[in-house]
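A.B. asks: Take this structure first; my questions come after.
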Amino acid sequence: MSMHRNPNDWAFEDELVDLFEEYTIEYPSDFEIQKTIHTLCQYVPKKKRTLRHSIDDMVQLINRSGQEVLYIHAFYWITTLLFFALGFYFTMVVHSDPYLMIATLSPVPFLLGLFEVFKGREHGLLEIEMACKFSVQQIFLSRLLVISAYHFVLTSLLAILLTNFDTSLAISKLLMYWFTPLTIVAAISFSIASKIRGGVVLTSLLTCWLIIGVSLFQIPLITEWFEHVSIIYYLILIILSVSYFTYQCFNLKRSVQIETFN
Amino acid sequence: MPTDDELIEEVRKGSQAAMEVLTRRYYKLIYAILYRRTGDPSISYDLTQEVFIKMLKGIDTYSQRSQFRTWLITIAINHCRDYYKSKVFKQGSAEVVLEDTHIDERQNVPFIFEKKEKREQVKRAIAELPEPNKECIILKYFHDLTFEEISIITSSNLSTVKSRTRRALDLLKQILGGEEHEHASKSERLGF
């Protein structure tokens, strides 16, 4: 094209190209881009759901969780372990009530784990993670699976240790004291943490639980009520909390709920 | 990092996650092209969304013989042409806004004015170009596409694309004061 042009044309073209660089663009915010992506979701071809797809999804989630283990900070593993060691120590040495101890401690690993689940979001690292094939929501879900599994292992370990050291403990009662606060706190805190950004929210949730948990179980009237209330109430509370938590996980999977970017 | 073709395969299977990654990968490119064509942030935002909707609706027709990027830009260029032919545009409800603000407050005031002035100058000059020439300039100089790619995207032959680009440069030369520049260079050549 420019074979027959004189040097002045070249110079002017260079000047033009330099001038073009002044024509900068202000792009839409990440929130606006996210809004577009949300609108686009309905145009993605519909996935034909079969049992095989569901199994594939589950396997993929487990594989991803395996990879996520490597990215979870050592601080989380150690702190959670320390909390449980303290719980065991207080029950065995200081002779605190083992039921109340497990009730107070059971939501702690989950609350600590929420820091890890939403870690990228708080530190702006999610854009890097977005370069991979998985969505932010899938990454959150895999981390959630990791912390839930770790939580399950630790609490089971504590329950086994307590029942071994104190044979008078009723395992069914221990399970009730374990599951009820855990499911309620998990449902409420996950709902709050997925809607409101910021490490302060997570710290506040953890502090609130420790204050509320410890204070509540110091009041004899309340502990007596917990002792005598019918098991049906526990079960209703557990079912309601688990349902709400599952509903939120589905929402997360559909990427409709979380405000991911600035 | 997954390739475009891998992501497209996932989108075809119904993966919203793959759609999100693919959209984020090309969002700014498409927005920039449309913005430079229309000069209006809000129209460009809407058009960008519509381009991605068209992309998803036609994802089954995409063949790996061409690059996805080229295919997507083709959709954007055609969609923009449709927009200019549309009633919405013709009724004048979507007037081009040339005076949008784009100021970085961290910079000092004279510098901001100078930058803004230059930016507006370029923006106005490009807006004055005829549509086919404008397309060529935007794709060639703002998005580094080759003439071959532009000819595929605009469904024109290679020589047409080259001559349109040449013509656009000449017009820009005139609009942006190139006449003076040319006059000065002629004077130099003639020994004045």
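Each chain in the structure tokens gets a letter, A, B, ..., in the order shown, and its residues are numbered from 1; ligands are numbered from 1 in order too.
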Residues of chain B within 8 Å of chain A, counting only C-alpha atoms - could you list those as an NGL selection string?
C.D. replies: :B and (1-2 or 7 or 11-21 or 23-24 or 27-28 or 31-32 or 35 or 45 or 49 or 52-53 or 56-57 or 102 or 115 or 118-120 or 122-123 or 141-142 or 162-163 or 166 or 169 or 173 or 178 or 181-182 or 185)
A.B. asks: Looking only at the backbone, which of the residues in stretch 11-200 of chain A does DSSP tag as helix (DSSP H, G or I), as a ChimeraX atom specification?
C.D. replies: /A:11-20,30-43,51-69,74-92,98-105,108-117,119-123,126-129,136-165,171-195,199-200
A.B. asks: Determine the nearest neighbour of B:Ser44 from the options B:Pro130, B:Leu172, B:Leu29, B:Ser86, counting only C-alpha atoms.
C.D. replies: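 Looking only at the distances to B:Ser44, the closest residue turns out to be B:Leu29.
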A.B. asks: For a test of reading the model, state the distance in Å between atom CA of B:Ile152 and atom CA of B:Ile138, rounded to one decimal.
C.D. replies: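 Spanning atom CA of B:Ile152 to atom CA of B:Ile138 is a straight-line distance of 14.9 Å.
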A.B. asks: Would you list the contacts of A:Pro181 as JSON, numbers by chain, taking every protein, DNA or RNA residue within 12 Å and counting only C-alpha atoms, but skipping same-chain residues closer than 2 positions in sequence?
C.D. replies: {"A": [99, 100, 101, 102, 103, 104, 105, 106, 107, 108, 110, 111, 174, 175, 176, 177, 178, 179, 183, 184, 185, 186, 187, 188, 189, 209, 210, 212, 213, 216, 217, 226, 234, 235, 237, 238, 241, 242]}
A.B. asks: Any chance you could export the current selection's N, CA, C and O atoms as a compact mmCIF listing (two decimals), in the first residue's frame?
C.D. replies:
# COMPACT_ATOMS: atom_id res chain seq x y z
N TYR A 99 -20.39 -31.00 76.29
CA TYR A 99 -21.44 -30.69 75.32
C TYR A 99 -21.39 -29.22 74.92
O TYR A 99 -21.46 -28.86 73.75
N LEU A 100 -21.27 -28.38 75.95
CA LEU A 100 -21.23 -26.94 75.66
C LEU A 100 -19.94 -26.58 74.94
O LEU A 100 -19.93 -25.68 74.09
N MET A 101 -18.88 -27.30 75.28
CA MET A 101 -17.59 -27.03 74.63
C MET A 101 -17.70 -27.33 73.12
O MET A 101 -17.31 -26.53 72.28
N ILE A 102 -18.29 -28.48 72.82
CA ILE A 102 -18.40 -28.84 71.39
C ILE A 102 -19.40 -27.92 70.67
O ILE A 102 -19.20 -27.55 69.50
N ALA A 103 -20.43 -27.50 71.39
CA ALA A 103 -21.41 -26.58 70.79
C ALA A 103 -20.76 -25.24 70.48
O ALA A 103 -21.03 -24.63 69.44
N THR A 104 -19.89 -24.78 71.39
CA THR A 104 -19.23 -23.48 71.16
C THR A 104 -18.19 -23.59 70.04
O THR A 104 -18.07 -22.69 69.22
N LEU A 105 -17.46 -24.68 70.03
CA LEU A 105 -16.35 -24.80 69.08
C LEU A 105 -16.77 -25.24 67.67
O LEU A 105 -16.07 -24.93 66.70
N SER A 106 -17.89 -25.96 67.58
CA SER A 106 -18.21 -26.55 66.27
C SER A 106 -18.30 -25.54 65.11
O SER A 106 -17.84 -25.85 64.01
N PRO A 107 -18.85 -24.33 65.30
CA PRO A 107 -18.89 -23.42 64.12
C PRO A 107 -17.56 -22.72 63.82
O PRO A 107 -17.42 -22.12 62.76
N VAL A 108 -16.60 -22.79 64.77
CA VAL A 108 -15.36 -22.01 64.60
C VAL A 108 -14.58 -22.36 63.32
O VAL A 108 -14.20 -21.47 62.57
N PHE A 110 -15.61 -23.46 60.58
CA PHE A 110 -16.34 -22.96 59.41
C PHE A 110 -16.14 -21.46 59.26
O PHE A 110 -15.88 -20.96 58.16
N LEU A 111 -16.25 -20.75 60.39
CA LEU A 111 -16.09 -19.29 60.35
C LEU A 111 -14.67 -18.91 59.92
O LEU A 111 -14.48 -18.00 59.11
N LEU A 174 -24.24 -35.50 71.94
CA LEU A 174 -23.04 -34.81 71.45
C LEU A 174 -23.25 -34.35 70.00
O LEU A 174 -22.90 -33.23 69.62
N LEU A 175 -23.88 -35.23 69.23
CA LEU A 175 -24.13 -34.90 67.81
C LEU A 175 -25.10 -33.72 67.68
O LEU A 175 -24.92 -32.85 66.85
N MET A 176 -26.11 -33.72 68.54
CA MET A 176 -27.07 -32.61 68.51
C MET A 176 -26.39 -31.29 68.86
O MET A 176 -26.64 -30.26 68.24
N TYR A 177 -25.55 -31.34 69.86
CA TYR A 177 -24.85 -30.12 70.31
C TYR A 177 -23.80 -29.69 69.28
O TYR A 177 -23.37 -28.55 69.28
N TRP A 178 -23.42 -30.63 68.46
CA TRP A 178 -22.43 -30.32 67.42
C TRP A 178 -23.13 -29.69 66.21
O TRP A 178 -22.79 -28.62 65.74
N PHE A 179 -24.17 -30.41 65.73
CA PHE A 179 -24.79 -30.01 64.47
C PHE A 179 -25.65 -28.74 64.56
O PHE A 179 -25.64 -27.94 63.64
N THR A 183 -24.88 -25.73 62.00
CA THR A 183 -25.71 -25.47 60.81
C THR A 183 -26.33 -24.07 60.85
O THR A 183 -26.39 -23.39 59.83
N ILE A 184 -26.76 -23.65 62.05
CA ILE A 184 -27.37 -22.30 62.15
C ILE A 184 -26.33 -21.23 61.82
O ILE A 184 -26.55 -20.35 60.98
N VAL A 185 -25.17 -21.33 62.48
CA VAL A 185 -24.13 -20.32 62.27
C VAL A 185 -23.63 -20.35 60.82
O VAL A 185 -23.43 -19.30 60.20
N ALA A 186 -23.48 -21.56 60.26
CA ALA A 186 -22.98 -21.67 58.88
C ALA A 186 -23.95 -21.00 57.92
O ALA A 186 -23.53 -20.22 57.05
N ALA A 187 -25.25 -21.26 58.09
CA ALA A 187 -26.24 -20.69 57.17
C ALA A 187 -26.25 -19.16 57.27
O ALA A 187 -26.22 -18.46 56.24
N ILE A 188 -26.25 -18.64 58.50
CA ILE A 188 -26.33 -17.18 58.67
C ILE A 188 -25.04 -16.52 58.19
O ILE A 188 -25.06 -15.55 57.43
N SER A 189 -23.90 -17.05 58.64
CA SER A 189 -22.63 -16.39 58.31
C SER A 189 -22.32 -16.48 56.81
O SER A 189 -21.82 -15.52 56.23
N TRP A 209 -19.79 -14.77 67.21
CA TRP A 209 -20.13 -16.13 67.62
C TRP A 209 -19.43 -16.49 68.93
O TRP A 209 -20.06 -17.06 69.83
N LEU A 210 -18.15 -16.16 69.04
CA LEU A 210 -17.42 -16.53 70.26
C LEU A 210 -18.04 -15.83 71.47
O LEU A 210 -18.22 -16.46 72.53
N ILE A 212 -21.23 -14.59 71.69
CA ILE A 212 -22.59 -15.09 71.91
C ILE A 212 -22.54 -16.53 72.45
O ILE A 212 -23.19 -16.86 73.44
N GLY A 213 -21.72 -17.37 71.78
CA GLY A 213 -21.63 -18.77 72.18
C GLY A 213 -21.21 -18.93 73.63
O GLY A 213 -21.91 -19.58 74.44
N LEU A 216 -23.88 -17.28 76.08
CA LEU A 216 -25.15 -18.02 76.17
C LEU A 216 -25.01 -19.25 77.06
O LEU A 216 -25.86 -19.52 77.91
N PHE A 217 -23.91 -19.96 76.82
CA PHE A 217 -23.75 -21.22 77.55
C PHE A 217 -23.30 -21.01 79.00
O PHE A 217 -23.10 -21.97 79.73
N PHE A 226 -31.66 -26.00 76.87
CA PHE A 226 -31.02 -26.84 75.86
C PHE A 226 -31.07 -28.32 76.27
O PHE A 226 -31.22 -29.21 75.45
N TYR A 234 -34.44 -29.57 67.82
CA TYR A 234 -33.07 -29.59 67.28
C TYR A 234 -33.11 -29.98 65.81
O TYR A 234 -32.48 -29.35 64.96
N LEU A 235 -33.88 -31.05 65.55
CA LEU A 235 -33.95 -31.55 64.17
C LEU A 235 -34.55 -30.52 63.22
O LEU A 235 -34.06 -30.32 62.11
N LEU A 237 -34.51 -27.26 63.57
CA LEU A 237 -33.52 -26.20 63.36
C LEU A 237 -32.44 -26.64 62.37
O LEU A 237 -32.04 -25.88 61.48
N ILE A 238 -31.98 -27.87 62.52
CA ILE A 238 -30.93 -28.39 61.63
C ILE A 238 -31.44 -28.45 60.19
O ILE A 238 -30.77 -27.98 59.26
N SER A 241 -31.79 -24.92 58.69
CA SER A 241 -30.48 -24.30 58.41
C SER A 241 -29.80 -24.95 57.23
O SER A 241 -29.25 -24.27 56.36
N VAL A 242 -29.85 -26.29 57.18
CA VAL A 242 -29.21 -27.00 56.06
C VAL A 242 -29.89 -26.62 54.74
O VAL A 242 -29.22 -26.38 53.73
A.B. asks: If we count only C-alpha atoms, what is near B:Ile33 at a cut-off of 8 Å, once residues fewer than 6 positions away on the same chain are taken out, given as a list in words?
C.D. replies: Ala76, Ile138, Leu139 and His143 of chain B
A.B. asks: Would you mind exporting all heavy atoms of the selected residues as an mmCIF file, in the first residue's frame?
C.D. replies:
data_model
loop_
_atom_site.group_PDB
_atom_site.id
_atom_site.type_symbol
_atom_site.label_atom_id
_atom_site.label_comp_id
_atom_site.auth_asym_id
_atom_site.auth_seq_id
_atom_site.Cartn_x
_atom_site.Cartn_y
_atom_site.Cartn_z
ATOM 1 N N ALA B 76 -19.199 -7.910 15.660
ATOM 2 C CA ALA B 76 -19.261 -6.546 16.204
ATOM 3 C C ALA B 76 -19.402 -5.517 15.086
ATOM 4 O O ALA B 76 -20.232 -4.604 15.160
ATOM 5 C CB ALA B 76 -18.019 -6.265 17.038
ATOM 6 N N ILE B 138 -9.838 2.021 12.467
ATOM 7 C CA ILE B 138 -9.998 1.506 13.844
ATOM 8 C C ILE B 138 -9.363 0.125 13.972
ATOM 9 O O ILE B 138 -8.609 -0.143 14.905
ATOM 10 C CB ILE B 138 -11.493 1.481 14.254
ATOM 11 C CG1 ILE B 138 -12.006 2.915 14.399
ATOM 12 C CG2 ILE B 138 -11.696 0.713 15.557
ATOM 13 C CD1 ILE B 138 -13.503 3.037 14.565
ATOM 14 N N LEU B 139 -9.691 -0.744 13.018
ATOM 15 C CA LEU B 139 -9.171 -2.116 13.129
ATOM 16 C C LEU B 139 -7.669 -2.185 12.905
ATOM 17 O O LEU B 139 -6.968 -2.935 13.573
ATOM 18 C CB LEU B 139 -9.906 -3.040 12.150
ATOM 19 C CG LEU B 139 -11.412 -3.192 12.394
ATOM 20 C CD1 LEU B 139 -12.052 -4.030 11.308
ATOM 21 C CD2 LEU B 139 -11.685 -3.821 13.751
ATOM 22 N N HIS B 143 -6.400 -1.630 16.808
ATOM 23 C CA HIS B 143 -6.473 -3.024 17.261
ATOM 24 C C HIS B 143 -5.476 -3.928 16.538
ATOM 25 O O HIS B 143 -5.550 -5.156 16.671
ATOM 26 C CB HIS B 143 -7.906 -3.539 17.120
ATOM 27 C CG HIS B 143 -8.845 -2.737 17.961
ATOM 28 N ND1 HIS B 143 -8.895 -2.852 19.330
ATOM 29 C CD2 HIS B 143 -9.694 -1.745 17.639
ATOM 30 C CE1 HIS B 143 -9.764 -1.979 19.802
ATOM 31 N NE2 HIS B 143 -10.264 -1.291 18.813
#
A.B. asks: By how many Å are atom CA of A:Met58 and atom CA of A:Lys195 apart?
C.D. replies: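 Value for the atom CA of A:Met58-atom CA of A:Lys195 distance: 25.3 Å.
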A.B. asks: Could you jot down the atom CA of A:Phe83 to atom CA of A:Phe190 separation for me, Å, one decimal place?
C.D. replies: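 Computing the Euclidean distance for atom CA of A:Phe83 and atom CA of A:Phe190 yields 20.5 Å.
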A.B. asks: In terms of the shortest atom-to-atom distance over only C-alpha atoms, which of B:Asn78, B:Thr165, B:Ser159, B:Thr146 is closest to B:Leu129?
C.D. replies: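 Smallest distance to B:Leu129 is found for B:Thr165.
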